[in-house]
Every structure is written in structure tokens, then in C-alpha cells.
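Participant: File my_file.txt follows (compact mmCIF, C-alpha atoms):
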# COMPACT_ATOMS: atom_id res chain seq x y z
CA MET I 1 -17.93 -32.65 52.67
CA ILE I 2 -18.62 -33.40 56.30
CA LYS I 3 -22.23 -33.82 57.34
CA ALA I 4 -23.66 -31.27 59.75
CA ASN I 5 -27.18 -30.55 60.96
CA LEU I 6 -26.77 -26.81 60.49
CA GLN I 7 -24.38 -24.52 58.62
CA LEU I 8 -23.45 -21.09 59.91
CA ASP I 9 -21.89 -18.58 57.55
CA ALA I 10 -19.53 -16.39 59.57
CA LYS I 11 -17.21 -15.66 56.66
CA GLY I 12 -15.72 -12.17 56.54
CA LEU I 13 -16.49 -11.51 60.19
CA ALA I 14 -13.84 -10.47 62.69
CA CYS I 15 -13.49 -11.48 66.34
CA PRO I 16 -15.68 -11.73 68.42
CA MET I 17 -18.44 -12.14 65.83
CA PRO I 18 -17.82 -15.79 64.87
CA ILE I 19 -18.19 -16.76 68.54
CA VAL I 20 -21.26 -14.60 69.10
CA LYS I 21 -22.93 -16.02 65.97
CA THR I 22 -21.98 -19.56 66.96
CA LYS I 23 -23.51 -19.14 70.39
CA LYS I 24 -26.78 -18.00 68.81
CA ALA I 25 -26.79 -20.71 66.15
CA ILE I 26 -26.17 -23.60 68.52
CA THR I 27 -29.32 -22.83 70.49
CA ASP I 28 -31.28 -23.96 67.42
CA LEU I 29 -29.74 -27.42 67.55
CA GLU I 30 -30.71 -30.40 69.63
CA GLU I 31 -28.19 -32.01 71.93
CA GLY I 32 -25.82 -34.26 70.02
CA GLN I 33 -26.33 -32.49 66.70
CA VAL I 34 -23.44 -31.03 64.73
CA LEU I 35 -22.92 -27.39 63.73
CA GLU I 36 -20.64 -26.35 60.89
CA VAL I 37 -19.18 -22.86 61.29
CA GLN I 38 -17.69 -21.32 58.16
CA ALA I 39 -15.23 -18.56 59.01
CA THR I 40 -12.34 -16.63 57.54
CA ASP I 41 -11.09 -15.20 60.85
CA LYS I 42 -7.76 -16.94 61.45
CA GLY I 43 -8.26 -16.71 65.20
CA SER I 44 -11.54 -18.58 65.01
CA LYS I 45 -9.91 -22.00 65.20
CA ALA I 46 -8.36 -21.50 68.62
CA ASP I 47 -11.30 -19.41 69.80
CA LEU I 48 -14.00 -21.91 68.88
CA ALA I 49 -12.13 -24.81 70.44
CA ALA I 50 -11.69 -22.83 73.68
CA TRP I 51 -15.28 -21.62 73.61
CA ALA I 52 -16.66 -25.11 73.08
CA SER I 53 -14.73 -26.57 75.98
CA SER I 54 -15.68 -23.70 78.29
CA VAL I 55 -19.41 -23.97 77.64
CA GLY I 56 -19.64 -27.76 77.42
CA HIS I 57 -19.80 -28.51 73.72
CA GLN I 58 -17.55 -30.86 71.80
CA TYR I 59 -15.12 -29.33 69.29
CA LEU I 60 -14.61 -31.98 66.61
CA GLY I 61 -12.11 -30.34 64.32
CA THR I 62 -11.49 -27.95 61.47
CA VAL I 63 -11.05 -28.37 57.74
CA GLU I 64 -9.31 -25.61 55.75
CA GLU I 65 -10.24 -24.97 52.16
CA GLY I 66 -8.55 -21.97 50.60
CA ASP I 67 -9.18 -19.03 52.92
CA VAL I 68 -12.18 -20.62 54.61
CA PHE I 69 -12.16 -22.60 57.83
CA TYR I 70 -14.92 -25.16 58.35
CA HIS I 71 -15.24 -25.81 62.07
CA TYR I 72 -17.35 -28.64 63.48
CA ILE I 73 -18.94 -28.54 66.92
CA ARG I 74 -21.27 -31.08 68.47
CA LYS I 75 -23.77 -29.68 70.93
CA GLY I 76 -23.14 -30.93 74.44
CA SER I 77 -25.64 -32.60 76.70
CA SER I 78 -26.90 -31.16 79.94
CA GLU I 79 -28.50 -34.43 80.93
CA PRO I 80 -26.94 -36.40 83.75
CA GLU I 81 -25.05 -39.55 82.86
CA VAL I 82 -27.46 -42.46 82.45
CA GLU I 83 -26.62 -45.94 83.52
CA LYS I 84 -25.48 -48.24 80.76
CA THR I 85 -27.65 -51.32 80.69
CA PHE I 86 -26.48 -53.53 77.81
CA GLU I 87 -24.86 -56.46 79.53
CA HIS I 88 -22.43 -57.72 76.88
CA THR I 89 -19.45 -55.44 76.98
CA VAL I 90 -15.87 -55.59 75.84
CA SER I 91 -13.01 -53.37 76.80
CA LEU I 92 -11.59 -50.96 74.28
CA ASN I 93 -8.09 -52.36 74.34
CA GLU I 94 -9.34 -55.86 73.43
CA ILE I 95 -11.18 -55.09 70.24
CA GLU I 96 -8.20 -54.81 67.92
CA SER I 97 -7.28 -58.42 68.56
CA ARG I 98 -10.81 -59.72 67.92
CA ASP I 99 -12.50 -60.77 64.69
CA GLY I 100 -15.67 -59.02 63.71
CA LEU I 101 -17.00 -55.61 62.82
CA ILE I 102 -16.32 -52.41 64.73
CA LEU I 103 -19.47 -50.29 64.40
CA ASP I 104 -18.97 -46.60 65.16
CA VAL I 105 -22.32 -44.99 66.03
CA ARG I 106 -21.10 -41.43 66.54
CA GLU I 107 -22.14 -38.66 64.14
CA GLU I 108 -20.45 -38.72 60.74
CA ALA I 109 -18.46 -35.60 61.55
CA GLU I 110 -17.04 -37.18 64.71
CA TYR I 111 -16.10 -40.28 62.71
CA ALA I 112 -14.47 -38.17 60.00
CA PHE I 113 -12.11 -36.49 62.47
CA GLY I 114 -10.78 -39.79 63.79
CA HIS I 115 -11.91 -43.41 64.08
CA ILE I 116 -10.46 -46.87 64.52
CA GLU I 117 -9.15 -48.21 61.25
CA GLY I 118 -11.71 -50.40 59.51
CA ALA I 119 -14.63 -49.26 61.65
CA LYS I 120 -17.96 -48.84 59.91
CA SER I 121 -19.92 -45.63 60.46
CA ILE I 122 -23.65 -45.66 61.13
CA PRO I 123 -24.77 -42.78 63.40
CA LEU I 124 -27.12 -43.88 66.18
CA GLY I 125 -30.02 -41.92 64.68
CA GLU I 126 -29.75 -43.83 61.41
CA LEU I 127 -29.18 -47.28 62.84
CA GLU I 128 -32.73 -48.62 62.71
CA SER I 129 -33.11 -47.72 59.04
CA ARG I 130 -29.76 -49.19 58.05
CA LEU I 131 -29.86 -52.59 59.78
CA GLU I 132 -29.68 -54.45 56.45
CA GLU I 133 -26.08 -53.23 56.09
CA LEU I 134 -25.12 -55.44 59.02
CA ASN I 135 -24.58 -59.18 59.22
CA LYS I 136 -26.29 -61.10 62.04
CA GLU I 137 -23.69 -63.89 61.83
CA GLN I 138 -20.83 -61.48 62.52
CA GLU I 139 -19.56 -60.29 65.88
CA ILE I 140 -20.37 -56.58 66.17
CA TYR I 141 -18.44 -54.28 68.53
CA VAL I 142 -20.35 -51.03 68.99
CA VAL I 143 -18.32 -47.97 69.90
CA CYS I 144 -19.07 -44.26 70.44
CA ARG I 145 -17.39 -41.44 72.34
CA THR I 146 -18.13 -42.44 75.94
CA GLY I 147 -20.17 -45.65 75.75
CA LYS I 148 -23.60 -44.05 76.13
CA ARG I 149 -24.78 -44.01 72.51
CA SER I 150 -23.19 -47.40 71.85
CA ASP I 151 -25.17 -48.79 74.79
CA MET I 152 -28.39 -47.63 73.15
CA ALA I 153 -27.25 -48.89 69.75
CA ALA I 154 -26.42 -52.32 71.17
CA GLN I 155 -29.92 -52.51 72.63
CA ILE I 156 -31.46 -51.60 69.27
CA LEU I 157 -29.42 -54.32 67.58
CA ALA I 158 -30.38 -56.92 70.19
CA LYS I 159 -34.06 -56.02 69.80
CA ASN I 160 -33.72 -56.63 66.09
CA GLY I 161 -32.32 -60.12 66.42
CA PHE I 162 -28.60 -59.47 66.50
CA THR I 163 -27.07 -61.79 69.10
CA LYS I 164 -23.32 -61.28 68.75
CA VAL I 165 -23.30 -57.68 69.90
CA TYR I 166 -20.92 -56.06 72.38
CA ASN I 167 -20.78 -52.54 73.75
CA VAL I 168 -17.19 -51.27 73.73
CA LEU I 169 -16.23 -49.46 76.93
CA PRO I 170 -15.14 -46.85 77.71
CA GLY I 171 -15.18 -45.30 74.20
CA MET I 172 -13.17 -43.22 71.78
CA THR I 173 -12.26 -40.63 74.42
CA GLU I 174 -9.89 -43.24 75.87
CA TRP I 175 -8.61 -44.63 72.59
CA ASN I 176 -4.83 -44.31 72.37
CA GLY I 177 -4.34 -46.37 69.23
CA LYS I 178 -4.08 -45.20 65.67
CA LEU I 179 -6.76 -42.83 64.40
CA THR I 180 -7.88 -42.86 60.79
CA LYS I 181 -9.17 -39.55 59.49
CA GLU I 182 -11.34 -38.75 56.51
CA VAL I 183 -10.81 -35.02 56.28
CA MET L 1 -14.71 -21.17 89.19
CA SER L 2 -16.42 -17.82 89.09
CA ASN L 3 -18.91 -17.26 86.32
CA LYS L 4 -18.68 -13.47 86.55
CA VAL L 5 -16.52 -11.10 84.58
CA ALA L 6 -16.14 -7.50 85.79
CA ILE L 7 -14.80 -4.80 83.50
CA ILE L 8 -13.87 -1.19 84.22
CA ALA L 9 -13.93 1.09 81.19
CA ALA L 10 -12.04 4.25 82.15
CA ASN L 11 -10.80 5.47 78.77
CA GLY L 12 -12.74 6.89 75.86
CA GLY L 13 -10.85 6.23 72.63
CA LEU L 14 -11.80 3.89 69.81
CA PHE L 15 -9.18 1.30 70.74
CA ASP L 16 -10.38 1.32 74.33
CA ALA L 17 -13.93 0.71 73.13
CA TYR L 18 -12.92 -2.34 71.07
CA LYS L 19 -10.98 -3.84 73.95
CA VAL L 20 -13.90 -3.41 76.30
CA PHE L 21 -16.68 -4.63 74.01
CA ASN L 22 -14.79 -7.49 72.36
CA ILE L 23 -13.90 -9.02 75.70
CA ALA L 24 -17.38 -8.33 77.05
CA THR L 25 -19.25 -9.93 74.14
CA ALA L 26 -16.87 -12.88 73.99
CA ALA L 27 -17.37 -13.49 77.71
CA ALA L 28 -21.15 -13.16 77.43
CA ALA L 29 -21.15 -15.57 74.47
CA SER L 30 -19.26 -18.01 76.70
CA GLU L 31 -22.16 -17.90 79.14
CA LYS L 32 -20.50 -15.61 81.67
CA GLU L 33 -22.33 -12.92 83.57
CA VAL L 34 -20.74 -9.61 82.56
CA GLN L 35 -20.90 -6.10 84.01
CA ILE L 36 -19.05 -3.05 82.74
CA PHE L 37 -18.51 -0.02 84.93
CA PHE L 38 -18.06 3.09 82.77
CA THR L 39 -16.20 5.90 84.46
CA PHE L 40 -14.50 9.16 83.37
CA ASP L 41 -13.71 9.09 79.64
CA GLY L 42 -15.07 5.57 79.53
CA LEU L 43 -18.53 7.11 79.53
CA ASN L 44 -17.92 8.07 75.87
CA LEU L 45 -18.32 4.41 74.99
CA ILE L 46 -22.03 4.39 75.77
CA HIS L 47 -22.81 8.07 75.14
CA LYS L 48 -25.51 8.32 72.44
CA GLN L 49 -23.53 10.74 70.28
CA ALA L 50 -19.91 10.24 71.34
CA MET L 51 -19.97 6.46 70.71
CA HIS L 52 -20.41 7.12 66.98
CA ALA L 53 -17.27 9.26 66.74
CA LEU L 54 -14.67 7.76 69.05
CA GLU L 55 -11.15 8.88 68.24
CA MET L 56 -8.19 6.85 67.14
CA PRO L 57 -5.05 7.42 69.19
CA ALA L 58 -2.91 10.24 67.74
CA GLY L 59 -0.76 8.97 64.91
CA LYS L 60 -2.88 5.84 64.30
CA GLU L 61 -5.41 7.42 61.98
CA HIS L 62 -4.08 5.38 59.07
CA LEU L 63 -5.61 2.29 60.65
CA THR L 64 -9.12 3.40 59.65
CA GLU L 65 -8.66 1.47 56.43
CA GLY L 66 -7.48 -1.61 58.30
CA PHE L 67 -10.63 -1.58 60.43
CA GLU L 68 -12.76 -1.47 57.30
CA LYS L 69 -10.78 -4.18 55.56
CA ALA L 70 -10.98 -6.52 58.54
CA ASN L 71 -14.75 -6.02 58.57
CA VAL L 72 -14.72 -5.20 62.26
CA PRO L 73 -18.17 -4.35 63.64
CA THR L 74 -18.78 -0.71 64.59
CA ILE L 75 -18.89 0.31 68.23
CA PRO L 76 -22.67 0.99 68.20
CA GLN L 77 -23.14 -2.52 66.77
CA LEU L 78 -20.99 -4.05 69.50
CA VAL L 79 -22.87 -2.08 72.15
CA GLU L 80 -26.18 -3.41 70.88
CA MET L 81 -24.86 -6.93 70.67
CA ALA L 82 -23.42 -6.80 74.16
CA GLN L 83 -26.78 -5.69 75.56
CA GLU L 84 -28.55 -8.39 73.57
CA LEU L 85 -26.23 -10.96 75.14
CA GLY L 86 -27.13 -9.68 78.59
CA VAL L 87 -24.07 -7.58 79.41
CA LYS L 88 -25.00 -5.03 82.06
CA PHE L 89 -23.77 -1.43 81.73
CA ILE L 90 -23.27 0.72 84.80
CA ALA L 91 -22.47 4.41 84.41
CA CYS L 92 -20.56 6.08 87.20
CA GLN L 93 -22.78 8.59 88.99
CA MET L 94 -19.94 10.72 90.26
CA THR L 95 -18.38 11.21 86.81
CA MET L 96 -21.79 11.98 85.33
CA ASP L 97 -22.29 14.71 87.94
CA VAL L 98 -18.87 16.18 87.22
CA MET L 99 -19.54 16.20 83.47
CA GLY L 100 -23.12 17.38 83.77
CA LEU L 101 -24.56 14.26 82.13
CA THR L 102 -27.84 12.46 82.83
CA LYS L 103 -29.04 8.93 82.17
CA GLU L 104 -30.80 10.20 79.02
CA ASP L 105 -27.44 11.02 77.43
CA PHE L 106 -26.62 7.33 77.26
CA VAL L 107 -27.92 4.31 75.37
CA ASP L 108 -31.09 2.78 76.77
CA GLY L 109 -30.98 0.04 79.33
CA ILE L 110 -28.04 1.24 81.41
CA GLU L 111 -27.96 1.51 85.17
CA VAL L 112 -26.36 4.28 87.16
CA GLY L 113 -24.35 3.48 90.24
CA GLY L 114 -21.41 4.35 92.40
CA ALA L 115 -18.12 2.64 93.11
CA VAL L 116 -19.64 0.41 95.75
CA THR L 117 -22.19 -0.96 93.27
CA PHE L 118 -19.35 -2.17 91.11
CA LEU L 119 -17.19 -3.42 93.98
CA GLU L 120 -20.06 -5.46 95.32
CA TYR L 121 -20.45 -7.15 91.94
CA ALA L 122 -16.71 -7.56 91.36
CA LYS L 123 -15.86 -9.05 94.75
CA ASP L 124 -16.27 -12.59 93.46
CA ALA L 125 -15.72 -12.00 89.75
CA SER L 126 -12.86 -13.59 87.94
CA PRO L 127 -11.33 -11.98 86.00
CA THR L 128 -11.74 -8.26 86.72
CA LEU L 129 -10.33 -6.25 83.84
CA THR L 130 -9.52 -2.58 83.50
CA PHE L 131 -9.26 -0.74 80.21
Would you kindly transcribe this structure into C-alpha cells?
Facilitator:
Amino acid sequence: MIKANLQLDAKGLACPMPIVKTKKAITDLEEGQVLEVQATDKGSKADLAAWASSVGHQYLGTVEEGDVFYHYIRKGSSEPEVEKTFEHTVSLNEIESRDGLILDVREEAEYAFGHIEGAKSIPLGELESRLEELNKEQEIYVVCRTGKRSDMAAQILAKNGFTKVYNVLPGMTEWNGKLTKEV
Amino acid sequence: MSNKVAIIAANGGLFDAYKVFNIATAAAASEKEVQIFFTFDGLNLIHKQAMHALEMPAGKEHLTEGFEKANVPTIPQLVEMAQELGVKFIACQMTMDVMGLTKEDFVDGIEVGGAVTFLEYAKDASPTLTF
């Protein structure tokens, strides 16, 4: 089961209803949150992916169980790109050759649809309450989709006494290596 | 890229209605501005009575069951949803005059206009579709 902030039941509905319902449901979410759309319309997979890209949301992927499709969409941000301020950075193509922990701070659903092998998942929103899962003696490479959330996560870690922290840039959007999936 | 979709609905059968309203609601749900210009038989699609009894093309009546099985929304439902999503309906004045219809014969919230009204809107729309 993939974690989502909101579930939408669009089962049994024909085109264009899954899209219309999804549009309404996503307004109830905050930016960065994940919507699960349950649908039986076979066209919904292609439609939702196209819809998400046209209106600026992030289509994460689809899981099929029997006749039901579970689609996952992360609500896009309308905020302008903020400057990344954490000064210790490492480039994406270097991290595989380094020792230490890769910490993936994207939402669980994003992680489930593809992450770097061995990476640990702690979504940014849960980081402060899960610090005890991390080792201060270990090098920690923080990664997200574009480098924005990992920048904030690295700052949270530094504030809490972690010194061997690096923000991985650019982020998973540019990752060409192997992807491990948990779906 | 244009954020406007312009649709001409010129035919009045059930299939025509689905083509028009499915594309219109899908476009509106994708945050496009949508206007539909209803002309000639296309006026059936928003006529208070006619929209409840649109005809299947001759020889396709057996598809009634398929529509029910696929759980396709009814045309009045799609009309309501389209309006809720902000799709604007324009009824063609000239056709209304020819057919002896008034604004009261149609669903609430429509506008009445002539060809130029639509052309003005459609001049920078992409795509413009005709059904």
C-alpha cells in the first residue's frame, strides 16, 4: 500500500469523469501532497499522466490490482524556485562511489516508484520526528526530486547537530542510474 | 501556447453531444478556458427538453446497453458539470430565430450571440473543434 494524503474513489466512472473528479479533489490538497486516484477506466492511466503534466502536477505512477488502477499524483507548486542555501553539496553522479547513507526525503509514494538502491526514505515532513533513525557519525547524502526539499532537510539536520551532511544536486529528475521500485 | 479551446456544436444527436461535452469538460478540468457555440441541430444539446432525449444514430440503438454498462454520465449531467467547471455556452441567435426558440428554452446560464461573437473568441484559441 502506497501512502497518500487523500484517496479519491473514481471506480466505475467513464471518461472524462476520473479527470473531472481528480481536478476537484486535488484542490483540497496542499502543494507537495499526494493524491491516490482509484479508477477502473482503462484510459485513465494515459489521461491522468497527460493531465498532470499539462496542469503542472507530478504524475508518480500507477499500480494495478485486479481491475482497479491506483494512480498517484503529487500536487505541483506554484511558488517560484527558491535559492538553495545549504553550502555542502555533492553532485548526483558522485554519490554511488561514496561511503555513507543516501537519505531520500521525497514523499513515500515518490520513493516507491523509483529510488537509488539502498537509499533510506524519510519524507521531509517527518524528518524532525525521526532524527533518531540517523547516525551522526555517518556521512549523509540528502536527495529529493530537484534539490529543493533536500536543501531544507540538510539545514534541519545541520541544526540538529549533524555535521557530515551533503545536499545532492541536482536530484532524482536527473538520475540516469538504476532505479529500485517498491510497487 | 493558447489557453483557450473553442468548440462548435452543429449536430444534435446523442453521439455528437458526448463528443462535445467530453472534450469540453476534459479541457475545462485541464484549466483551459472553454466556449461552445451551439448552432443548428447543435442547439438540441442544451435545449431543456431535447437534451434528455437525444437520438442515437440510425442502426446504433443497440448501443444503449453499452452506454449503461460503461456507466457513462447522462448528457444533462455532463451539461451541468461543464457549466460548473466554467465552460461557457453560446446559442446561435440566427438559428434560434429560424427555429422560433428563445433563451428560456435552454438551460440556465447560457449566452446568446452571433457568429462574430464566436469568431472573436476563437481567433486565438487552440484548438478549435467542430462537431
Participant: Per residue of chain L within 10 Å of chain I, note the shortest atom pair and the distance in Å to one decimal, counting all atoms listed in the file, and order the rows by chain and increasing residue number, as a Markdown table.
Facilitator:
| residue | atom | partner | partner_atom | distance |
| --- | --- | --- | --- | --- |
| L:Phe21 | CA | I:Pro16 | CA | 9.1 |
| L:Asn22 | CA | I:Pro16 | CA | 5.9 |
| L:Ile23 | CA | I:Pro16 | CA | 8.0 |
| L:Ala24 | CA | I:Pro16 | CA | 9.4 |
| L:Thr25 | CA | I:Pro16 | CA | 7.0 |
| L:Ala26 | CA | I:Pro16 | CA | 5.8 |
| L:Ala27 | CA | I:Trp51 | CA | 9.3 |
| L:Ala28 | CA | I:Val20 | CA | 8.5 |
| L:Ala29 | CA | I:Val20 | CA | 5.5 |
| L:Ser30 | CA | I:Val55 | CA | 6.0 |
| L:Glu31 | CA | I:Val55 | CA | 6.8 |
| L:Lys32 | CA | I:Val55 | CA | 9.3 |
| L:Phe67 | CA | I:Ala14 | CA | 9.7 |
| L:Lys69 | CA | I:Gly12 | CA | 9.4 |
| L:Ala70 | CA | I:Ala14 | CA | 6.4 |
| L:Asn71 | CA | I:Leu13 | CA | 6.0 |
| L:Val72 | CA | I:Ala14 | CA | 5.4 |
| L:Pro73 | CA | I:Ala14 | CA | 7.6 |
| L:Leu78 | CA | I:Met17 | CA | 9.2 |
| L:Met81 | CA | I:Val20 | CA | 8.6 |
| L:Ala82 | CA | I:Val20 | CA | 9.5 |
| L:Leu85 | CA | I:Val20 | CA | 8.6 |
Participant: Considering all atoms listed in the file, return as a PyMOL selection string whatever protein or nucleic-acid residues lie within 7 Å of Phe86 in chain I, sequence-local ones (same chain, fewer than 4 positions apart) excluded.
Facilitator: chain I and resi 151+154-155
Participant: Near range 99-111 of chain L, within 6 Å and counting all atoms listed in the file, which residues show up once chain neighbours fewer than 4 positions away are dropped, as number ranges by chain?
Facilitator: L: 46-48, 89-90
Participant: May I ask for the distance between CA of Asn44 in chain L and CA of Gly12 in chain L, given in Å to one decimal place?
Facilitator: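 Value for the CA of Asn44 in chain L-CA of Gly12 in chain L distance: 5.3 Å.
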Participant: CA of Ala158 in chain I to CA of Gly125 in chain I: how many Å, to one decimal?
Facilitator: 16.0 Å
Participant: For Gly113 in chain L, which of L:Ala17, L:Cys92, L:Ala125, L:Leu43 is the closest residue, counting all atoms listed in the file?
Facilitator: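 Of the candidates, the smallest distance to Gly113 in chain L is held by L:Cys92.
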